[in-house]
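> This is query-v1.pdb, which holds PDB, C-alpha atoms, pLDDT in the B column:
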ATOM      1  CA  MET A  85       0.055 -24.151   8.672  1.00 43.00           C
ATOM      2  CA  THR A  86       3.268 -26.036   9.439  1.00 43.00           C
ATOM      3  CA  LYS A  87       5.171 -24.066   6.768  1.00 43.00           C
ATOM      4  CA  TRP A  88       4.431 -20.637   8.187  1.00 41.00           C
ATOM      5  CA  LEU A  89       4.566 -21.788  11.823  1.00 43.00           C
ATOM      6  CA  SER A  90       7.987 -23.325  11.281  1.00 42.00           C
ATOM      7  CA  GLY A  91       9.159 -20.158   9.618  1.00 43.00           C
ATOM      8  CA  LEU A  92       7.737 -18.082  12.424  1.00 44.00           C
ATOM      9  CA  MET A  93       9.112 -20.177  15.206  1.00 44.00           C
ATOM     10  CA  MET A  94      12.594 -19.815  13.780  1.00 41.00           C
ATOM     11  CA  LEU A  95      12.212 -16.104  14.457  1.00 45.00           C
ATOM     12  CA  CYS A  96      11.608 -16.606  18.137  1.00 45.00           C
ATOM     13  CA  SER A  97      13.451 -15.160  21.101  1.00 39.00           C
ATOM     14  CA  PHE A  98      14.357 -11.681  19.882  1.00 41.00           C
ATOM     15  CA  MET A  99      14.537  -8.753  22.296  1.00 41.00           C
ATOM     16  CA  ALA A 100      11.836  -6.029  22.142  1.00 42.00           C
ATOM     17  CA  ALA A 101      14.275  -3.171  21.453  1.00 54.00           C
ATOM     18  CA  ALA A 102      14.864  -2.286  17.820  1.00 70.00           C
ATOM     19  CA  GLN A 103      17.655  -4.375  16.383  1.00 81.00           C
ATOM     20  CA  GLN A 104      18.860  -5.756  13.093  1.00 90.00           C
ATOM     21  CA  GLY A 105      21.479  -8.092  11.771  1.00 92.00           C
ATOM     22  CA  GLN A 106      22.236 -11.155   9.675  1.00 95.00           C
ATOM     23  CA  PHE A 107      21.192 -14.791   9.997  1.00 94.00           C
ATOM     24  CA  GLU A 108      22.412 -18.149   8.773  1.00 96.00           C
ATOM     25  CA  GLN A 109      19.881 -20.957   8.892  1.00 94.00           C
ATOM     26  CA  HIS A 110      20.656 -24.672   8.612  1.00 96.00           C
ATOM     27  CA  LYS A 111      17.613 -26.880   8.039  1.00 95.00           C
ATOM     28  CA  HIS A 112      18.282 -30.593   8.413  1.00 95.00           C
ATOM     29  CA  PHE A 113      15.506 -32.713   6.924  1.00 95.00           C
ATOM     30  CA  ALA A 114      15.043 -36.205   8.305  1.00 90.00           C
ATOM     31  CA  GLY A 115      16.612 -38.739   5.963  1.00 90.00           C
ATOM     32  CA  PHE A 116      19.019 -36.315   4.255  1.00 93.00           C
ATOM     33  CA  ASP A 117      22.726 -35.981   5.006  1.00 92.00           C
ATOM     34  CA  ASN A 118      23.258 -32.342   4.051  1.00 94.00           C
ATOM     35  CA  ALA A 119      21.525 -29.296   5.476  1.00 95.00           C
ATOM     36  CA  PHE A 120      19.605 -26.791   3.394  1.00 96.00           C
ATOM     37  CA  VAL A 121      21.390 -23.497   4.165  1.00 97.00           C
ATOM     38  CA  SER A 122      19.852 -20.064   3.782  1.00 97.00           C
ATOM     39  CA  THR A 123      21.116 -16.626   4.732  1.00 98.00           C
ATOM     40  CA  GLY A 124      19.678 -13.178   5.017  1.00 97.00           C
ATOM     41  CA  SER A 125      18.934 -10.251   7.266  1.00 96.00           C
ATOM     42  CA  TYR A 126      16.380  -9.313   9.874  1.00 91.00           C
ATOM     43  CA  ARG A 127      15.061  -6.111  11.424  1.00 89.00           C
ATOM     44  CA  LEU A 128      12.968  -6.008  14.567  1.00 82.00           C
ATOM     45  CA  THR A 129      11.093  -3.003  15.920  1.00 81.00           C
ATOM     46  CA  ALA A 130       8.482  -2.828  18.673  1.00 76.00           C
ATOM     47  CA  GLN A 131       5.757  -3.117  16.003  1.00 80.00           C
ATOM     48  CA  GLN A 132       7.045  -5.723  13.553  1.00 83.00           C
ATOM     49  CA  LEU A 133       9.738  -8.089  12.397  1.00 84.00           C
ATOM     50  CA  TRP A 134      11.105  -8.238   8.847  1.00 88.00           C
ATOM     51  CA  TRP A 135      12.812 -11.530   7.919  1.00 90.00           C
ATOM     52  CA  HIS A 136      14.533 -11.212   4.533  1.00 94.00           C
ATOM     53  CA  THR A 137      15.928 -14.473   3.172  1.00 95.00           C
ATOM     54  CA  GLN A 138      18.466 -13.594   0.476  1.00 97.00           C
ATOM     55  CA  THR A 139      19.946 -16.983  -0.485  1.00 97.00           C
ATOM     56  CA  PRO A 140      19.293 -19.428  -1.966  1.00 96.00           C
ATOM     57  CA  ILE A 141      15.828 -18.000  -2.788  1.00 94.00           C
ATOM     58  CA  GLU A 142      14.792 -14.454  -1.957  1.00 94.00           C
ATOM     59  CA  ASN A 143      11.761 -14.164   0.308  1.00 93.00           C
ATOM     60  CA  VAL A 144      10.469 -11.534   2.739  1.00 94.00           C
ATOM     61  CA  LEU A 145       8.210 -12.147   5.746  1.00 89.00           C
ATOM     62  CA  ARG A 146       6.632  -9.401   7.827  1.00 87.00           C
ATOM     63  CA  ILE A 147       5.278 -10.348  11.232  1.00 83.00           C
ATOM     64  CA  ASP A 148       3.151  -8.011  13.313  1.00 82.00           C
ATOM     65  CA  SER A 149       0.285  -8.180  15.798  1.00 78.00           C
ATOM     66  CA  GLU A 150      -2.139  -9.117  13.007  1.00 82.00           C
ATOM     67  CA  GLY A 151      -0.198 -12.127  11.748  1.00 81.00           C
ATOM     68  CA  VAL A 152       2.420 -13.242   9.260  1.00 85.00           C
ATOM     69  CA  PHE A 153       2.587 -11.737   5.797  1.00 88.00           C
ATOM     70  CA  GLU A 154       4.672 -12.953   2.860  1.00 91.00           C
ATOM     71  CA  ARG A 155       5.764 -10.554   0.133  1.00 93.00           C
ATOM     72  CA  GLN A 156       4.154 -11.497  -3.177  1.00 89.00           C
ATOM     73  CA  GLY A 157       5.038  -8.401  -5.175  1.00 80.00           C
ATOM     74  CA  GLU A 158       7.084  -5.241  -4.764  1.00 80.00           C
ATOM     75  CA  ASP A 159       4.795  -3.747  -2.105  1.00 81.00           C
ATOM     76  CA  GLN A 160       2.145  -6.445  -1.812  1.00 91.00           C
ATOM     77  CA  PHE A 161       2.039  -8.695   1.248  1.00 90.00           C
ATOM     78  CA  VAL A 162      -0.339 -11.634   1.601  1.00 91.00           C
ATOM     79  CA  LYS A 163      -1.388 -12.864   5.031  1.00 89.00           C
ATOM     80  CA  GLN A 164      -0.498 -16.486   5.656  1.00 84.00           C
ATOM     81  CA  ALA A 165      -3.458 -18.714   6.537  1.00 79.00           C
ATOM     82  CA  GLN A 166      -4.266 -19.061  10.234  1.00 69.00           C
ATOM     83  CA  SER A 167      -1.377 -16.829  11.293  1.00 63.00           C
ATOM     84  CA  GLY A 168      -3.580 -14.422  13.258  1.00 58.00           C
ATOM     85  CA  ALA A 169      -4.301 -17.031  15.898  1.00 52.00           C
ATOM     86  CA  TYR A 170      -0.622 -17.098  16.843  1.00 56.00           C
ATOM     87  CA  SER A 171       0.031 -13.370  17.121  1.00 53.00           C
ATOM     88  CA  SER A 172       0.288 -13.412  20.922  1.00 54.00           C
ATOM     89  CA  LEU A 173       2.604 -16.433  20.797  1.00 59.00           C
ATOM     90  CA  LEU A 174       4.794 -14.766  18.203  1.00 52.00           C
ATOM     91  CA  GLN A 175       4.933 -11.501  20.084  1.00 54.00           C
ATOM     92  CA  ALA A 176       5.986 -13.347  23.254  1.00 59.00           C
ATOM     93  CA  LEU A 177       8.757 -15.135  21.399  1.00 58.00           C
ATOM     94  CA  LEU A 178       9.938 -12.031  19.595  1.00 55.00           C
ATOM     95  CA  GLN A 179       9.937  -9.845  22.667  1.00 61.00           C
ATOM     96  CA  GLN A 180      11.349 -12.546  24.969  1.00 66.00           C
ATOM     97  CA  ASP A 181       8.708 -11.561  27.531  1.00 66.00           C
ATOM     98  CA  PRO A 182       8.983 -14.100  30.408  1.00 73.00           C
ATOM     99  CA  GLN A 183       5.347 -13.725  31.500  1.00 77.00           C
ATOM    100  CA  GLN A 184       3.979 -14.195  27.999  1.00 73.00           C
ATOM    101  CA  LEU A 185       6.397 -17.030  27.226  1.00 77.00           C
ATOM    102  CA  ALA A 186       5.198 -18.830  30.361  1.00 82.00           C
ATOM    103  CA  GLN A 187       1.743 -19.025  28.736  1.00 80.00           C
ATOM    104  CA  PHE A 188       3.177 -21.124  25.894  1.00 82.00           C
ATOM    105  CA  PHE A 189       6.358 -22.784  27.169  1.00 89.00           C
ATOM    106  CA  ILE A 190       8.074 -24.293  30.156  1.00 92.00           C
ATOM    107  CA  SER A 191      11.774 -23.474  30.128  1.00 90.00           C
ATOM    108  CA  GLU A 192      14.792 -25.224  31.578  1.00 92.00           C
ATOM    109  CA  PRO A 193      18.567 -24.803  31.228  1.00 91.00           C
ATOM    110  CA  VAL A 194      20.221 -26.895  28.514  1.00 93.00           C
ATOM    111  CA  THR A 195      23.743 -27.430  27.229  1.00 91.00           C
ATOM    112  CA  GLN A 196      24.584 -25.726  23.969  1.00 91.00           C
ATOM    113  CA  PRO A 197      23.963 -27.552  20.696  1.00 90.00           C
ATOM    114  CA  GLU A 198      27.090 -28.862  18.967  1.00 89.00           C
ATOM    115  CA  ARG A 199      27.046 -26.126  16.311  1.00 87.00           C
ATOM    116  CA  ILE A 200      27.696 -23.430  18.952  1.00 92.00           C
ATOM    117  CA  ALA A 201      29.458 -25.404  21.686  1.00 90.00           C
ATOM    118  CA  ALA A 202      32.452 -23.042  21.807  1.00 90.00           C
ATOM    119  CA  LYS A 203      30.352 -19.870  22.175  1.00 92.00           C
ATOM    120  CA  PRO A 204      30.019 -18.166  25.584  1.00 93.00           C
ATOM    121  CA  TRP A 205      26.227 -18.109  25.347  1.00 92.00           C
ATOM    122  CA  SER A 206      23.584 -19.286  27.806  1.00 90.00           C
ATOM    123  CA  CYS A 207      20.774 -21.443  26.490  1.00 91.00           C
ATOM    124  CA  LEU A 208      17.261 -22.423  27.474  1.00 89.00           C
ATOM    125  CA  LYS A 209      15.213 -25.358  26.295  1.00 93.00           C
ATOM    126  CA  LEU A 210      11.584 -24.387  25.663  1.00 92.00           C
ATOM    127  CA  LEU A 211       8.958 -27.115  25.980  1.00 94.00           C
ATOM    128  CA  ALA A 212       5.522 -26.350  24.531  1.00 90.00           C
ATOM    129  CA  GLN A 213       2.532 -26.458  26.832  1.00 89.00           C
ATOM    130  CA  SER A 214      -0.250 -26.550  24.214  1.00 86.00           C
ATOM    131  CA  GLN A 215      -1.110 -29.820  22.510  1.00 88.00           C
ATOM    132  CA  GLU A 216      -0.955 -28.142  19.101  1.00 83.00           C
ATOM    133  CA  LEU A 217       2.642 -26.980  19.569  1.00 85.00           C
ATOM    134  CA  LYS A 218       3.585 -30.294  21.206  1.00 89.00           C
ATOM    135  CA  SER A 219       2.341 -32.064  18.076  1.00 88.00           C
ATOM    136  CA  LEU A 220       4.790 -30.036  15.955  1.00 85.00           C
ATOM    137  CA  PHE A 221       7.921 -29.670  18.102  1.00 87.00           C
ATOM    138  CA  THR A 222       9.791 -31.808  20.603  1.00 93.00           C
ATOM    139  CA  HIS A 223      11.427 -28.613  21.897  1.00 93.00           C
ATOM    140  CA  LEU A 224      13.027 -25.298  20.983  1.00 89.00           C
ATOM    141  CA  ILE A 225      16.379 -23.902  22.129  1.00 90.00           C
ATOM    142  CA  SER A 226      17.121 -20.211  22.550  1.00 87.00           C
ATOM    143  CA  CYS A 227      20.637 -18.955  23.374  1.00 88.00           C
ATOM    144  CA  GLN A 228      21.682 -15.449  24.354  1.00 87.00           C
ATOM    145  CA  ASP A 229      25.045 -13.738  24.588  1.00 88.00           C
ATOM    146  CA  ASN A 230      26.192 -11.793  27.654  1.00 88.00           C
ATOM    147  CA  GLN A 231      24.413  -8.650  26.326  1.00 84.00           C
ATOM    148  CA  GLN A 232      21.123 -10.601  26.381  1.00 81.00           C
ATOM    149  CA  GLN A 233      20.875 -10.633  22.594  1.00 83.00           C
ATOM    150  CA  VAL A 234      19.486 -13.797  21.048  1.00 83.00           C
ATOM    151  CA  ARG A 235      22.238 -15.472  19.039  1.00 90.00           C
ATOM    152  CA  PHE A 236      20.901 -18.986  18.378  1.00 90.00           C
ATOM    153  CA  ILE A 237      17.471 -20.477  17.780  1.00 87.00           C
ATOM    154  CA  GLY A 238      16.914 -24.202  17.398  1.00 89.00           C
ATOM    155  CA  LEU A 239      13.613 -25.786  16.333  1.00 88.00           C
ATOM    156  CA  TYR A 240      13.352 -29.534  16.775  1.00 92.00           C
ATOM    157  CA  GLU A 241      10.318 -31.048  15.071  1.00 91.00           C
ATOM    158  CA  ARG A 242       8.518 -34.292  15.846  1.00 91.00           C
ATOM    159  CA  LYS A 243       9.111 -35.557  12.300  1.00 91.00           C
ATOM    160  CA  GLY A 244      12.911 -35.403  12.779  1.00 93.00           C
ATOM    161  CA  THR A 245      13.553 -32.128  10.967  1.00 94.00           C
ATOM    162  CA  ARG A 246      15.662 -29.605  12.848  1.00 94.00           C
ATOM    163  CA  THR A 247      16.303 -25.951  12.062  1.00 91.00           C
ATOM    164  CA  GLU A 248      19.248 -24.149  13.622  1.00 93.00           C
ATOM    165  CA  ILE A 249      19.682 -20.413  13.157  1.00 90.00           C
ATOM    166  CA  ILE A 250      22.678 -18.341  14.141  1.00 93.00           C
ATOM    167  CA  LEU A 251      21.960 -14.628  14.477  1.00 90.00           C
ATOM    168  CA  THR A 252      24.590 -11.935  14.256  1.00 93.00           C
ATOM    169  CA  PRO A 253      23.135  -8.612  15.398  1.00 89.00           C
ATOM    170  CA  ASN A 254      24.764  -5.576  13.782  1.00 88.00           C
ATOM    171  CA  GLY A 255      27.765  -4.564  15.866  1.00 77.00           C
ATOM    172  CA  ALA A 256      28.044  -7.954  17.586  1.00 71.00           C
ATOM    173  CA  THR A 257      31.202 -10.022  17.462  1.00 63.00           C
ATOM    174  CA  GLN A 258      31.198 -13.654  16.401  1.00 58.00           C
TER     175      GLN A 258
END
The structure in this file should be written as structure tokens.


Amino acid sequence: MTKWLSGLMMLCSFMAAAQQGQFEQHKHFAGFDNAFVSTGSYRLTAQQLWWHTQTPIENVLRIDSEGVFERQGEDQFVKQAQSGAYSSLLQALLQQDPQQLAQFFISEPVTQPERIAAKPWSCLKLLAQSQELKSLFTHLISCQDNQQQVRFIGLYERKGTRTEIILTPNGATQ
């Protein structure tokens, strides 16, 4: 469950309008000096999110109201175990719906993480309300640019692992 939830949580905080772009993800495992870096593209519509990791290993996730599905073959997607239970959480994160997010998180302003300190983005720290999410994450950070597009997602796990994702929507400047 942690594998797919971690992957899903990194997709949080997108706007509901259709958008697409590129991502660069840095995963820092506790006890290791260097980050595991992956890159790829994403596409979000009102119905689903496609998260296509291209390097270092190709992988495609599809997230919709029924759960999280991982591509196993050309057109075959397999639902990830227990992902259906989190559909409403995922939709709230993806759509950045304040009312739905309030069901799962308490938010507060936070200074930008070091990786993006020079960016003119505003950030929120999200603290989980459910015991299950609290057991996985110390907090999440979501940062938006002045067009209200999500540009940074940070996942900070209890076990010391942190995942930081920089999003570059198509047409956006660095």

> Given the file above and the PyMOL selection byres ((chain A and resi 161) around 12), which residues are selected, and can you give them as a compact mmCIF listing (two decimals) with C-alpha atoms, keeping the file's coordinate frame?


# COMPACT_ATOMS: atom_id res chain seq x y z
CA TRP A 134 11.10 -8.24 8.85
CA ASN A 143 11.76 -14.16 0.31
CA VAL A 144 10.47 -11.53 2.74
CA LEU A 145 8.21 -12.15 5.75
CA ARG A 146 6.63 -9.40 7.83
CA ILE A 147 5.28 -10.35 11.23
CA GLY A 151 -0.20 -12.13 11.75
CA VAL A 152 2.42 -13.24 9.26
CA PHE A 153 2.59 -11.74 5.80
CA GLU A 154 4.67 -12.95 2.86
CA ARG A 155 5.76 -10.55 0.13
CA GLN A 156 4.15 -11.50 -3.18
CA GLY A 157 5.04 -8.40 -5.18
CA GLU A 158 7.08 -5.24 -4.76
CA ASP A 159 4.80 -3.75 -2.10
CA GLN A 160 2.14 -6.44 -1.81
CA VAL A 162 -0.34 -11.63 1.60
CA LYS A 163 -1.39 -12.86 5.03
CA GLN A 164 -0.50 -16.49 5.66

> Starting from the PyMOL selection byres ((chain A and resi 221) around 6), expand the selection into actual residues of this file and give them as an mmCIF file with C-alpha atoms, keeping the file's coordinate frame.


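Output file expr34.cif is given in full below:
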data_model
loop_
_atom_site.group_PDB
_atom_site.id
_atom_site.type_symbol
_atom_site.label_atom_id
_atom_site.label_comp_id
_atom_site.auth_asym_id
_atom_site.auth_seq_id
_atom_site.Cartn_x
_atom_site.Cartn_y
_atom_site.Cartn_z
ATOM 1 C CA LYS A 218 3.585 -30.294 21.206
ATOM 2 C CA LEU A 220 4.790 -30.036 15.955
ATOM 3 C CA THR A 222 9.791 -31.808 20.603
ATOM 4 C CA HIS A 223 11.427 -28.613 21.897
ATOM 5 C CA TYR A 240 13.352 -29.534 16.775
ATOM 6 C CA GLU A 241 10.318 -31.048 15.071
ATOM 7 C CA ARG A 242 8.518 -34.292 15.846
#

> Produce the centre coordinates and the three edge lengths, each in Å to one decimal, of the box along x, y and z that contains all listed atoms of stretch 103-109 of chain A with 5 Å added on each side, as lines of an AutoDock Vina configuration file.


center_x = 20.0
center_y = -12.7
center_z = 12.6
size_x = 14.8
size_y = 26.6
size_z = 17.6

> Within 12 Å of (18.6, -28.1, 1.9) (file coordinates; all atoms listed in the file), which protein or nucleic acid residues are there? I'd like them as an MDAnalysis selection string.

chainID A and resid 109:122 139:141 245:247

> With distances taken over all atoms listed in the file, which of A:Gln233, A:Phe189, A:Thr195, A:Ile200 is nearest to A:Gln215?

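So, comparing all the options, the nearest one is A:Phe189.
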
> What does the distance between atom CA of A:Gln228 and atom CA of A:Thr252 come to in Å, to one decimal place?

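Between atom CA of A:Gln228 and atom CA of A:Thr252 the gap works out to 11.1 Å.
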
> With distances taken over only C-alpha atoms, which residue among A:Ser214, A:Ser219, A:Thr137, A:Gln231 lies nearest A:Ala256?

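Smallest separation from A:Ala256 among the options: A:Gln231.
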
> Could you please give me, as a list of chain:residue names, the residues of protein, DNA or RNA lying at most 10 Å from (12.9, -22.3, 25.8) in the coordinate frame of the file, considering only C-alpha atoms?

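These residues have at least one counted atom within 10 Å: A:Cys96, A:Ser97, A:Leu177, A:Gln180, A:Leu185, A:Ala186, A:Phe188, A:Phe189, A:Ile190, A:Ser191, A:Glu192, A:Pro193, A:Val194, A:Cys207, A:Leu208, A:Lys209, A:Leu210, A:Leu211, A:Ala212, A:His223, A:Leu224, A:Ile225, A:Ser226, A:Cys227, A:Ile237, A:Gly238.
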
> Starting from the PyMOL selection byres ((chain A and resi 104) around 8), expand the selection into actual residues of this file and give them as a ChimeraX atom specification.

/A:102-103,105-106,125-128,253-254

> Distance atom CA of A:Phe236-atom CA of A:Asp148, one decimal place?

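Those two atoms sit 21.5 Å apart.
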
> Pick from A:Ala130, A:Thr123, A:Val234, A:Gln213: nearest to A:Ser149, with all atoms listed in the file counted?

A:Ala130

> Could you please determine the separation between atom CA of A:Gln131 and atom CA of A:Ile249 in Å, to one decimal place?

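Rounded to one decimal, the two atoms are 22.4 Å apart.
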